[in-house]
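Peer 1: TSV, C-alpha atoms, saved as work.tsv, coming up:
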chain	number	residue	atom	x	y	z
A	1	MET	CA	-15.17	-24.93	-6.66
A	2	GLY	CA	-18.72	-26.14	-6.54
A	3	ASP	CA	-21.97	-24.21	-6.72
A	4	ARG	CA	-21.94	-20.78	-5.12
A	5	PRO	CA	-24.64	-18.16	-4.62
A	6	ALA	CA	-24.40	-15.63	-7.44
A	7	ALA	CA	-23.73	-12.13	-6.17
A	8	ASP	CA	-25.11	-9.32	-8.29
A	9	GLU	CA	-21.83	-8.71	-10.10
A	10	VAL	CA	-20.95	-5.46	-11.83
A	11	ARG	CA	-19.76	-6.38	-15.32
A	12	ALA	CA	-16.02	-5.91	-15.87
A	13	ASP	CA	-16.62	-3.70	-18.91
A	14	GLU	CA	-18.84	-1.31	-16.97
A	15	VAL	CA	-15.99	0.26	-15.01
A	16	ARG	CA	-12.19	0.22	-15.24
A	17	ALA	CA	-10.30	-1.66	-12.54
A	18	ASP	CA	-8.45	1.51	-11.52
A	19	GLU	CA	-11.53	3.75	-11.39
A	20	VAL	CA	-13.37	4.64	-8.21
A	21	ARG	CA	-17.02	5.52	-8.76
A	22	ALA	CA	-18.63	8.25	-6.68
A	23	ASP	CA	-21.72	6.14	-6.04
A	24	GLU	CA	-19.85	3.11	-4.73
A	25	VAL	CA	-19.84	1.98	-1.13
A	26	ARG	CA	-16.17	1.46	-0.24
A	27	ALA	CA	-14.89	-1.47	1.80
A	28	ALA	CA	-11.45	-2.97	2.40
A	29	GLY	CA	-9.97	-6.23	3.62
A	30	ALA	CA	-7.16	-8.69	3.11
A	31	VAL	CA	-6.20	-12.22	2.23
A	32	VAL	CA	-4.33	-12.90	5.44
A	33	TRP	CA	-1.78	-15.70	5.21
A	34	ARG	CA	0.76	-17.51	7.33
A	35	PRO	CA	3.45	-20.08	6.48
A	36	ALA	CA	2.49	-23.73	6.81
A	37	ALA	CA	4.32	-27.03	6.62
A	38	SER	CA	3.41	-27.26	2.94
A	39	GLY	CA	2.77	-23.91	1.31
A	40	SER	CA	0.60	-21.43	3.18
A	41	GLN	CA	-2.69	-21.06	5.00
A	42	VAL	CA	-5.24	-18.26	4.67
A	43	ALA	CA	-7.69	-16.94	7.24
A	44	LEU	CA	-11.43	-17.09	6.50
A	45	VAL	CA	-14.21	-15.66	8.65
A	46	HIS	CA	-17.75	-16.93	9.21
A	47	ARG	CA	-20.67	-14.50	9.51
A	48	PRO	CA	-23.57	-16.10	11.35
A	49	LYS	CA	-26.08	-13.56	10.04
A	50	TYR	CA	-25.49	-14.75	6.48
A	51	ASP	CA	-24.01	-18.17	7.26
A	52	ASP	CA	-21.20	-17.50	4.79
A	53	TRP	CA	-17.41	-17.81	4.65
A	54	SER	CA	-15.30	-15.01	3.23
A	55	PHE	CA	-12.18	-12.97	3.79
A	56	PRO	CA	-12.06	-10.38	6.59
A	57	LYS	CA	-13.31	-7.03	5.29
A	58	GLY	CA	-15.57	-4.12	6.17
A	59	LYS	CA	-16.76	-0.67	5.20
A	60	LEU	CA	-14.57	2.39	5.42
A	61	GLU	CA	-15.38	4.80	8.22
A	62	PRO	CA	-16.20	8.37	7.09
A	63	GLY	CA	-12.95	10.00	5.99
A	64	GLU	CA	-10.92	6.83	6.60
A	65	HIS	CA	-8.12	5.94	4.20
A	66	VAL	CA	-8.53	2.58	2.49
A	67	LEU	CA	-5.15	1.32	3.75
A	68	LEU	CA	-6.05	2.01	7.36
A	69	ALA	CA	-9.48	0.46	6.85
A	70	ALA	CA	-7.98	-2.80	5.56
A	71	VAL	CA	-5.69	-3.18	8.57
A	72	ARG	CA	-8.39	-2.14	11.03
A	73	GLU	CA	-11.02	-4.51	9.66
A	74	VAL	CA	-8.67	-7.48	9.81
A	75	ALA	CA	-7.84	-6.66	13.43
A	76	GLU	CA	-11.50	-6.22	14.39
A	77	GLU	CA	-12.71	-9.41	12.75
A	78	THR	CA	-9.79	-11.74	13.53
A	79	ALA	CA	-7.77	-10.08	16.35
A	80	LEU	CA	-4.73	-10.38	14.05
A	81	GLN	CA	-2.20	-7.62	13.41
A	82	VAL	CA	-1.02	-7.65	9.82
A	83	THR	CA	1.39	-5.99	7.42
A	84	LEU	CA	0.09	-5.30	3.93
A	85	GLY	CA	1.76	-6.60	0.81
A	86	ARG	CA	0.72	-6.26	-2.82
A	87	ARG	CA	-2.74	-5.07	-3.67
A	88	LEU	CA	-5.17	-7.47	-5.32
A	89	ALA	CA	-7.80	-6.60	-7.90
A	90	PRO	CA	-10.83	-4.85	-6.41
A	91	VAL	CA	-14.10	-6.77	-6.18
A	92	ARG	CA	-17.29	-5.08	-7.34
A	93	TYR	CA	-20.86	-6.22	-6.84
A	94	LEU	CA	-24.33	-4.91	-6.12
A	95	ASN	CA	-25.45	-5.09	-2.50
A	96	ASP	CA	-29.24	-4.64	-2.39
A	97	GLY	CA	-28.94	-2.76	-5.66
A	98	VAL	CA	-26.16	-0.44	-4.39
A	99	PRO	CA	-22.74	-0.76	-6.10
A	100	LYS	CA	-20.02	-1.82	-3.68
A	101	ARG	CA	-16.26	-1.96	-4.13
A	102	VAL	CA	-13.99	-4.01	-1.88
A	103	ASP	CA	-10.22	-3.48	-2.10
A	104	TYR	CA	-8.04	-6.36	-0.96
A	105	TRP	CA	-4.38	-6.76	-0.13
A	106	VAL	CA	-2.18	-9.72	0.54
A	107	ALA	CA	-1.37	-9.48	4.25
A	108	ARG	CA	0.93	-11.38	6.55
A	109	VAL	CA	0.48	-11.76	10.28
A	110	THR	CA	3.00	-9.67	12.23
A	111	GLY	CA	3.55	-8.53	15.77
A	112	THR	CA	3.64	-10.83	18.76
A	113	GLY	CA	3.86	-14.45	17.76
A	114	ALA	CA	4.63	-13.68	14.12
A	115	GLY	CA	7.25	-16.40	14.01
A	116	ALA	CA	6.48	-20.01	14.75
A	117	GLY	CA	2.80	-20.42	15.26
A	118	ALA	CA	2.04	-17.06	13.70
A	119	GLY	CA	-1.62	-16.34	13.41
A	120	ALA	CA	-2.72	-18.10	16.57
A	121	LEU	CA	-6.21	-16.84	17.39
A	122	GLY	CA	-5.79	-16.61	21.14
A	123	GLY	CA	-7.16	-13.06	21.17
A	124	PHE	CA	-10.19	-13.79	19.02
A	125	GLU	CA	-13.59	-13.69	20.67
A	126	PRO	CA	-16.75	-14.65	18.75
A	127	THR	CA	-19.21	-11.82	18.12
A	128	ALA	CA	-22.61	-11.48	16.50
A	129	GLU	CA	-20.81	-10.34	13.34
A	130	ILE	CA	-17.98	-12.93	13.22
A	131	ASP	CA	-18.33	-16.12	15.21
A	132	GLU	CA	-15.49	-18.19	13.77
A	133	VAL	CA	-12.09	-17.76	12.11
A	134	ALA	CA	-10.54	-20.69	10.29
A	135	TRP	CA	-7.04	-21.23	8.92
A	136	LEU	CA	-7.19	-23.32	5.75
A	137	ALA	CA	-4.60	-24.40	3.21
A	138	ALA	CA	-4.52	-21.84	0.40
A	139	SER	CA	-4.64	-24.68	-2.11
A	140	SER	CA	-8.01	-25.93	-0.84
A	141	ALA	CA	-9.64	-22.88	0.81
A	142	ALA	CA	-11.78	-22.22	-2.27
A	143	ALA	CA	-14.01	-25.12	-1.32
A	144	ARG	CA	-15.00	-23.29	1.89
A	145	LEU	CA	-15.57	-19.87	0.34
A	146	THR	CA	-19.21	-19.02	-0.26
A	147	TYR	CA	-18.94	-16.49	-3.08
A	148	GLU	CA	-17.46	-16.77	-6.54
A	149	HIS	CA	-15.79	-13.36	-6.35
A	150	ASP	CA	-13.93	-14.45	-3.20
A	151	ALA	CA	-12.73	-17.56	-5.02
A	152	ARG	CA	-11.31	-15.31	-7.75
A	153	THR	CA	-9.58	-13.18	-5.13
A	154	LEU	CA	-8.00	-16.34	-3.73
A	155	GLU	CA	-6.83	-17.28	-7.23
A	156	SER	CA	-5.25	-13.83	-7.57
A	157	PHE	CA	-3.47	-14.32	-4.26
A	158	ARG	CA	-2.11	-17.71	-5.31
A	159	ALA	CA	-1.05	-16.45	-8.75
A	160	GLY	CA	1.52	-14.02	-7.37
A	161	PRO	CA	4.17	-13.95	-4.66
A	162	ARG	CA	2.89	-14.25	-1.10
A	163	GLU	CA	5.78	-12.44	0.50
A	164	THR	CA	7.09	-9.17	-0.90
A	165	VAL	CA	9.46	-6.50	0.38
A	166	PRO	CA	8.36	-2.87	-0.02
A	167	LEU	CA	10.49	-0.10	-1.45
A	168	ILE	CA	8.51	3.08	-0.89
A	169	VAL	CA	9.37	6.27	-2.77
A	170	LEU	CA	7.79	9.38	-1.28
A	171	ARG	CA	7.67	13.00	-2.38
A	172	HIS	CA	7.99	15.40	0.53
A	173	ALA	CA	4.82	17.02	1.85
A	174	SER	CA	3.78	20.62	1.30
A	175	ALA	CA	6.39	23.19	2.36
A	176	GLY	CA	5.02	26.52	1.15
A	177	ARG	CA	6.65	28.58	-1.58
A	178	LYS	CA	10.39	28.69	-2.12
A	179	SER	CA	10.17	32.38	-2.99
A	180	GLU	CA	8.61	33.17	0.39
A	181	TRP	CA	11.32	31.47	2.47
A	182	PRO	CA	14.14	33.98	3.21
A	183	GLN	CA	16.74	31.47	4.35
A	184	SER	CA	18.57	28.63	2.63
A	185	ASP	CA	16.14	26.42	0.73
A	186	VAL	CA	17.54	23.31	2.41
A	187	SER	CA	16.13	24.62	5.71
A	188	ARG	CA	12.61	25.33	4.38
A	189	PRO	CA	10.15	23.56	6.72
A	190	LEU	CA	6.82	21.93	6.09
A	191	ASP	CA	3.84	24.23	6.20
A	192	SER	CA	0.81	23.44	8.37
A	193	HIS	CA	-0.79	21.24	5.73
A	194	GLY	CA	2.46	19.39	5.15
A	195	ALA	CA	2.93	18.81	8.87
A	196	MET	CA	-0.55	17.30	9.10
A	197	ASP	CA	0.15	15.07	6.09
A	198	ALA	CA	3.38	13.88	7.71
A	199	LEU	CA	1.40	12.60	10.69
A	200	VAL	CA	-1.08	10.84	8.43
A	201	LEU	CA	1.76	9.39	6.36
A	202	ALA	CA	3.22	7.83	9.50
A	203	SER	CA	0.04	5.77	9.88
A	204	LEU	CA	-0.19	4.90	6.19
A	205	LEU	CA	3.45	3.83	5.91
A	206	ARG	CA	3.11	1.63	8.99
A	207	CYS	CA	0.52	-0.42	7.08
A	208	PHE	CA	3.49	-1.77	5.11
A	209	GLY	CA	5.53	-2.50	8.23
A	210	ALA	CA	8.69	-1.10	9.77
A	211	ALA	CA	11.36	-0.06	7.30
A	212	ARG	CA	14.69	1.65	6.98
A	213	VAL	CA	14.08	5.39	6.43
A	214	VAL	CA	16.30	7.31	4.00
A	215	SER	CA	15.81	10.98	3.14
A	216	ALA	CA	17.27	13.78	1.07
A	217	PRO	CA	19.02	16.35	3.29
A	218	ALA	CA	16.37	19.08	2.98
A	219	GLU	CA	14.38	19.71	6.14
A	220	ARG	CA	11.08	19.36	4.27
A	221	CYS	CA	12.06	15.83	3.25
A	222	VAL	CA	13.34	14.81	6.67
A	223	ALA	CA	10.28	16.27	8.40
A	224	THR	CA	7.95	14.32	6.10
A	225	VAL	CA	9.29	10.96	7.34
A	226	ARG	CA	10.33	11.95	10.86
A	227	PRO	CA	6.96	10.99	12.45
A	228	TYR	CA	7.02	7.59	10.73
A	229	ALA	CA	10.59	6.88	11.83
A	230	ALA	CA	9.76	7.90	15.41
A	231	SER	CA	6.64	5.72	15.43
A	232	ILE	CA	8.65	2.58	14.60
A	233	GLY	CA	11.59	3.41	16.83
A	234	GLY	CA	13.83	4.16	13.86
A	235	VAL	CA	16.00	7.03	12.66
A	236	VAL	CA	16.09	9.06	9.46
A	237	GLU	CA	19.24	8.38	7.46
A	238	ILE	CA	20.42	11.27	5.28
A	239	GLU	CA	21.46	10.45	1.72
A	240	ALA	CA	23.42	13.40	0.28
A	241	ALA	CA	23.01	12.07	-3.26
A	242	PHE	CA	19.28	12.78	-3.07
A	243	ASP	CA	19.86	16.52	-2.63
A	244	VAL	CA	18.81	18.71	-5.57
A	245	GLY	CA	21.01	21.56	-6.69
A	246	GLY	CA	22.93	21.84	-3.45
A	247	ALA	CA	26.38	21.08	-2.15
A	248	GLY	CA	25.20	17.72	-0.92
A	249	ALA	CA	24.37	16.47	-4.39
A	250	ALA	CA	27.63	17.80	-5.84
A	251	GLY	CA	29.65	16.22	-3.07
A	252	ALA	CA	27.89	12.89	-3.48
A	253	ALA	CA	28.51	12.99	-7.22
A	254	GLY	CA	32.20	13.56	-6.65
A	255	ALA	CA	32.42	10.83	-4.04
A	256	ALA	CA	30.67	8.46	-6.42
A	257	GLY	CA	33.30	9.14	-9.04
A	258	ALA	CA	30.79	10.31	-11.64
A	259	GLY	CA	32.26	10.57	-15.09
A	260	ALA	CA	32.77	13.67	-17.17
A	261	GLY	CA	29.68	15.71	-17.97
A	262	SER	CA	27.54	18.42	-16.51
A	263	ALA	CA	27.19	18.82	-12.77
A	264	GLY	CA	23.50	18.05	-13.17
A	265	GLY	CA	24.30	14.82	-14.99
A	266	SER	CA	26.82	13.84	-12.33
A	267	ALA	CA	24.34	14.52	-9.54
A	268	GLU	CA	21.67	12.50	-11.37
A	269	SER	CA	24.07	9.59	-11.77
A	270	ALA	CA	24.95	9.71	-8.09
A	271	ALA	CA	21.28	9.73	-7.11
A	272	ALA	CA	20.54	6.81	-9.43
A	273	ALA	CA	23.46	4.82	-8.06
A	274	ALA	CA	22.35	5.39	-4.46
A	275	MET	CA	18.81	4.32	-5.31
A	276	ALA	CA	20.02	1.24	-7.16
A	277	ARG	CA	21.84	0.12	-4.02
A	278	LEU	CA	18.68	0.52	-1.95
A	279	ALA	CA	16.58	-1.35	-4.51
A	280	ALA	CA	19.03	-4.25	-4.57
A	281	ASP	CA	19.07	-4.46	-0.78
A	282	GLY	CA	16.71	-7.06	0.65
A	283	ARG	CA	15.31	-4.87	3.42
A	284	PRO	CA	12.15	-2.75	3.45
A	285	VAL	CA	12.96	0.92	2.88
A	286	VAL	CA	11.19	4.27	2.66
A	287	VAL	CA	12.90	6.96	0.57
A	288	CYS	CA	11.79	10.61	0.71
A	289	SER	CA	12.99	13.06	-1.89
A	290	HIS	CA	12.08	15.87	-4.31
A	291	ARG	CA	9.99	16.21	-7.45
A	292	GLU	CA	13.13	17.05	-9.42
A	293	ASN	CA	14.74	13.64	-8.94
A	294	LEU	CA	11.85	11.26	-8.25
A	295	ARG	CA	11.67	10.04	-11.84
A	296	THR	CA	15.40	9.32	-11.74
A	297	LEU	CA	15.02	7.40	-8.49
A	298	LEU	CA	12.04	5.38	-9.71
A	299	ALA	CA	13.76	4.59	-13.00
A	300	ALA	CA	16.88	3.41	-11.18
A	301	ALA	CA	14.87	1.17	-8.85
A	302	CYS	CA	12.85	-0.32	-11.71
A	303	ALA	CA	16.02	-0.98	-13.72
A	304	VAL	CA	17.42	-3.04	-10.85
A	305	LEU	CA	14.14	-4.95	-10.66
A	306	GLY	CA	13.99	-5.61	-14.40
A	307	ALA	CA	10.93	-3.43	-14.99
A	308	PRO	CA	10.34	-0.43	-17.27
A	309	SER	CA	10.29	3.04	-15.80
A	310	PRO	CA	6.79	4.06	-14.73
A	311	ALA	CA	5.06	6.54	-17.02
A	312	GLY	CA	2.32	9.01	-16.30
A	313	LYS	CA	1.92	11.85	-13.84
A	314	SER	CA	4.59	12.62	-11.29
A	315	LEU	CA	3.98	12.04	-7.61
A	316	ARG	CA	2.28	14.96	-5.89
A	317	LYS	CA	3.47	16.39	-2.60
A	318	GLY	CA	2.89	13.80	0.11
A	319	GLU	CA	2.21	11.02	-2.40
A	320	PHE	CA	4.18	7.78	-2.41
A	321	ALA	CA	4.76	4.81	-4.67
A	322	VAL	CA	5.11	1.30	-3.25
A	323	LEU	CA	7.32	-1.04	-5.24
A	324	HIS	CA	6.70	-4.58	-4.03
A	325	ARG	CA	9.84	-6.65	-4.60
A	326	ALA	CA	9.99	-10.43	-4.81
A	327	ALA	CA	12.97	-12.54	-5.85
A	328	GLY	CA	14.74	-9.52	-7.31
A	329	THR	CA	11.81	-8.49	-9.50
A	330	LEU	CA	8.98	-5.97	-9.35
A	331	ALA	CA	5.88	-7.88	-8.28
A	332	ALA	CA	3.52	-4.89	-8.08
A	333	LEU	CA	3.51	-1.10	-8.10
A	334	GLU	CA	0.97	1.11	-6.37
A	335	ARG	CA	0.69	4.74	-5.37
A	336	TYR	CA	-1.14	6.38	-2.47
A	337	HIS	CA	-1.77	9.84	-1.09
A	338	PRO	CA	-3.02	10.87	2.37
A	339	ASP	CA	-6.13	12.34	0.74
A	340	GLU	CA	-6.88	9.50	-1.70
A	341	ASP	CA	-5.66	6.16	-2.96
A	342	CYS	CA	-4.64	4.93	-6.38
A	343	LEU	CA	-4.48	1.49	-7.94
A	344	VAL	CA	-1.49	1.14	-10.22
A	345	THR	CA	-0.02	-1.72	-12.18
A	346	THR	CA	3.56	-2.14	-13.35
A	347	ASP	CA	2.81	-0.51	-16.71
A	348	GLY	CA	2.69	2.95	-15.23
A	349	PHE	CA	0.96	5.45	-12.97
A	350	ARG	CA	-2.80	5.61	-13.40
A	351	ARG	CA	-4.85	7.71	-11.02
A	352	ALA	CA	-8.03	6.69	-9.22
A	353	VAL	CA	-9.64	9.46	-7.24
A	354	ALA	CA	-11.31	8.45	-4.00
With the file now loaded, output its structure as structure tokens.
Peer 2:
Amino acid sequence: MGDRPAADEVRADEVRADEVRADEVRAAGAVVWRPAASGSQVALVHRPKYDDWSFPKGKLEPGEHVLLAAVREVAEETALQVTLGRRLAPVRYLNDGVPKRVDYWVARVTGTGAGAGAGALGGFEPTAEIDEVAWLAASSAAARLTYEHDARTLESFRAGPRETVPLIVLRHASAGRKSEWPQSDVSRPLDSHGAMDALVLASLLRCFGAARVVSAPAERCVATVRPYAASIGGVVEIEAAFDVGGAGAAGAAGAAGAGAGSAGGSAESAAAAAMARLAADGRPVVVCSHRENLRTLLAAACAVLGAPSPAGKSLRKGEFAVLHRAAGTLAALERYHPDEDCLVTTDGFRRAVA
């Protein structure tokens, strides 16, 4: 890869990969790729101020979620609209003595012209910050990159699948206390905080593209994904098997022909079977359900994908896990919340507080 200027790297043993330090400057970007005649090409940007070549990235705005920052920075620096795939390892270095963390995702060009000739830079206009964008073969782009840490990010991109299909499992947003709702629990709505999170979730989920939307019957589940479905021109499909303790779950268990056993066991089997079908399907999907059955749903999806069930803390209200599928396997697993983001590997759920 040739000689490169040495950035002031933070040693790997100084901080865990899944830990976010309070003193770090946060930035986000992506390894943007498009199909090519042989393999794939990646987009690099040139900064005239530093005369360097790197991947599109930039600092988070105050209060901005890292997912939104990654998509925004790519659009601002390249004029490309992208859909995020699996998350790559964060890059850490010292910038004028200040620790900086850059989170990267694999990202594919989407939107207008995403088919043949995807990634055409017709909308790009040179600026004082970025004066050139170049598409280079992923196999040889390292020779153009200025920094060693970017070369390692490219290696990480090439080491895994370029194209993945998301299966997103979401716990419904905040809906107040069950004891304070006088009507049927299935009709309990989101509270004000939950309604705000649902709007934020619509933006976060769109970072992973348009998907089929499937929800448990409860209003608090449907309302959590309703803004996302509306924003992509979709509808919320109701899956009775994802109900908890209601007639919907019992009916789904009976329709599924669950074997002898407790009603709870039958309902759990029905929920697992419904999730297994979604996991085996090749389309992107968002599933919204309840704390009581999320572990069952995640375990069923991971079983289909040949991966162990994730361990660790359960998803909080409004939090979601992204299972990136590739060739029938689990390529990566991450979790995110409207108020923070987490970096997770396939060995379980580990929290990183932003």
Peer 1: State, in Å with one decimal place, the distance from CA of Thr78 in chain A to CA of Arg34 in chain A.
Peer 2: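 CA of Arg34 in chain A lies at a distance of 13.5 Å from CA of Thr78 in chain A.
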Peer 1: List every protein, DNA or RNA residue that has an atom no more than 12 Å from (-17.7, -13.4, -3.4) in the file's coordinate frame, counting all atoms listed in the file, and report them as a count of residues only.
Peer 2: 33
Peer 1: Residues within 9 Å of Ala211 in chain A, please, as a PyMOL selection string. Count only C-alpha atoms; anything in the same chain fewer than 5 positions from it doesn't count.
Peer 2: chain A and resi 166-167+205-206+229+232+234+283-286
Peer 1: Go ahead and dump the residues you just picked, C-alpha atoms, as a PDB file, in the coordinates of the input.
Peer 2:
ATOM      1  CA  PRO A 166       8.360  -2.870  -0.020  1.00  0.00           C
ATOM      2  CA  LEU A 167      10.490  -0.100  -1.450  1.00  0.00           C
ATOM      3  CA  LEU A 205       3.450   3.830   5.910  1.00  0.00           C
ATOM      4  CA  ARG A 206       3.110   1.630   8.990  1.00  0.00           C
ATOM      5  CA  ALA A 229      10.590   6.880  11.830  1.00  0.00           C
ATOM      6  CA  ILE A 232       8.650   2.580  14.600  1.00  0.00           C
ATOM      7  CA  GLY A 234      13.830   4.160  13.860  1.00  0.00           C
ATOM      8  CA  ARG A 283      15.310  -4.870   3.420  1.00  0.00           C
ATOM      9  CA  PRO A 284      12.150  -2.750   3.450  1.00  0.00           C
ATOM     10  CA  VAL A 285      12.960   0.920   2.880  1.00  0.00           C
ATOM     11  CA  VAL A 286      11.190   4.270   2.660  1.00  0.00           C
TER      12      VAL A 286
END
Peer 1: Given all atoms listed in the file as the basis, pick out the residue of A:Ala173, A:Ala331, A:Ala307, A:Glu340 nearest to Arg226 in chain A.
Peer 2: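 Result for the nearest residue to Arg226 in chain A: A:Ala173.
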Peer 1: Report, in Å to a single decimal, how far apart CA of Ala326 in chain A and CA of Ala159 in chain A are.
Peer 2: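 Taking CA of Ala159 in chain A and CA of Ala326 in chain A, their separation equals 13.2 Å.
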Peer 1: Record the distance separating CA of Ala202 in chain A and CA of Lys178 in chain A, expressed in Å with one decimal.
Peer 2: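 Going from CA of Ala202 in chain A over to CA of Lys178 in chain A covers 24.9 Å.
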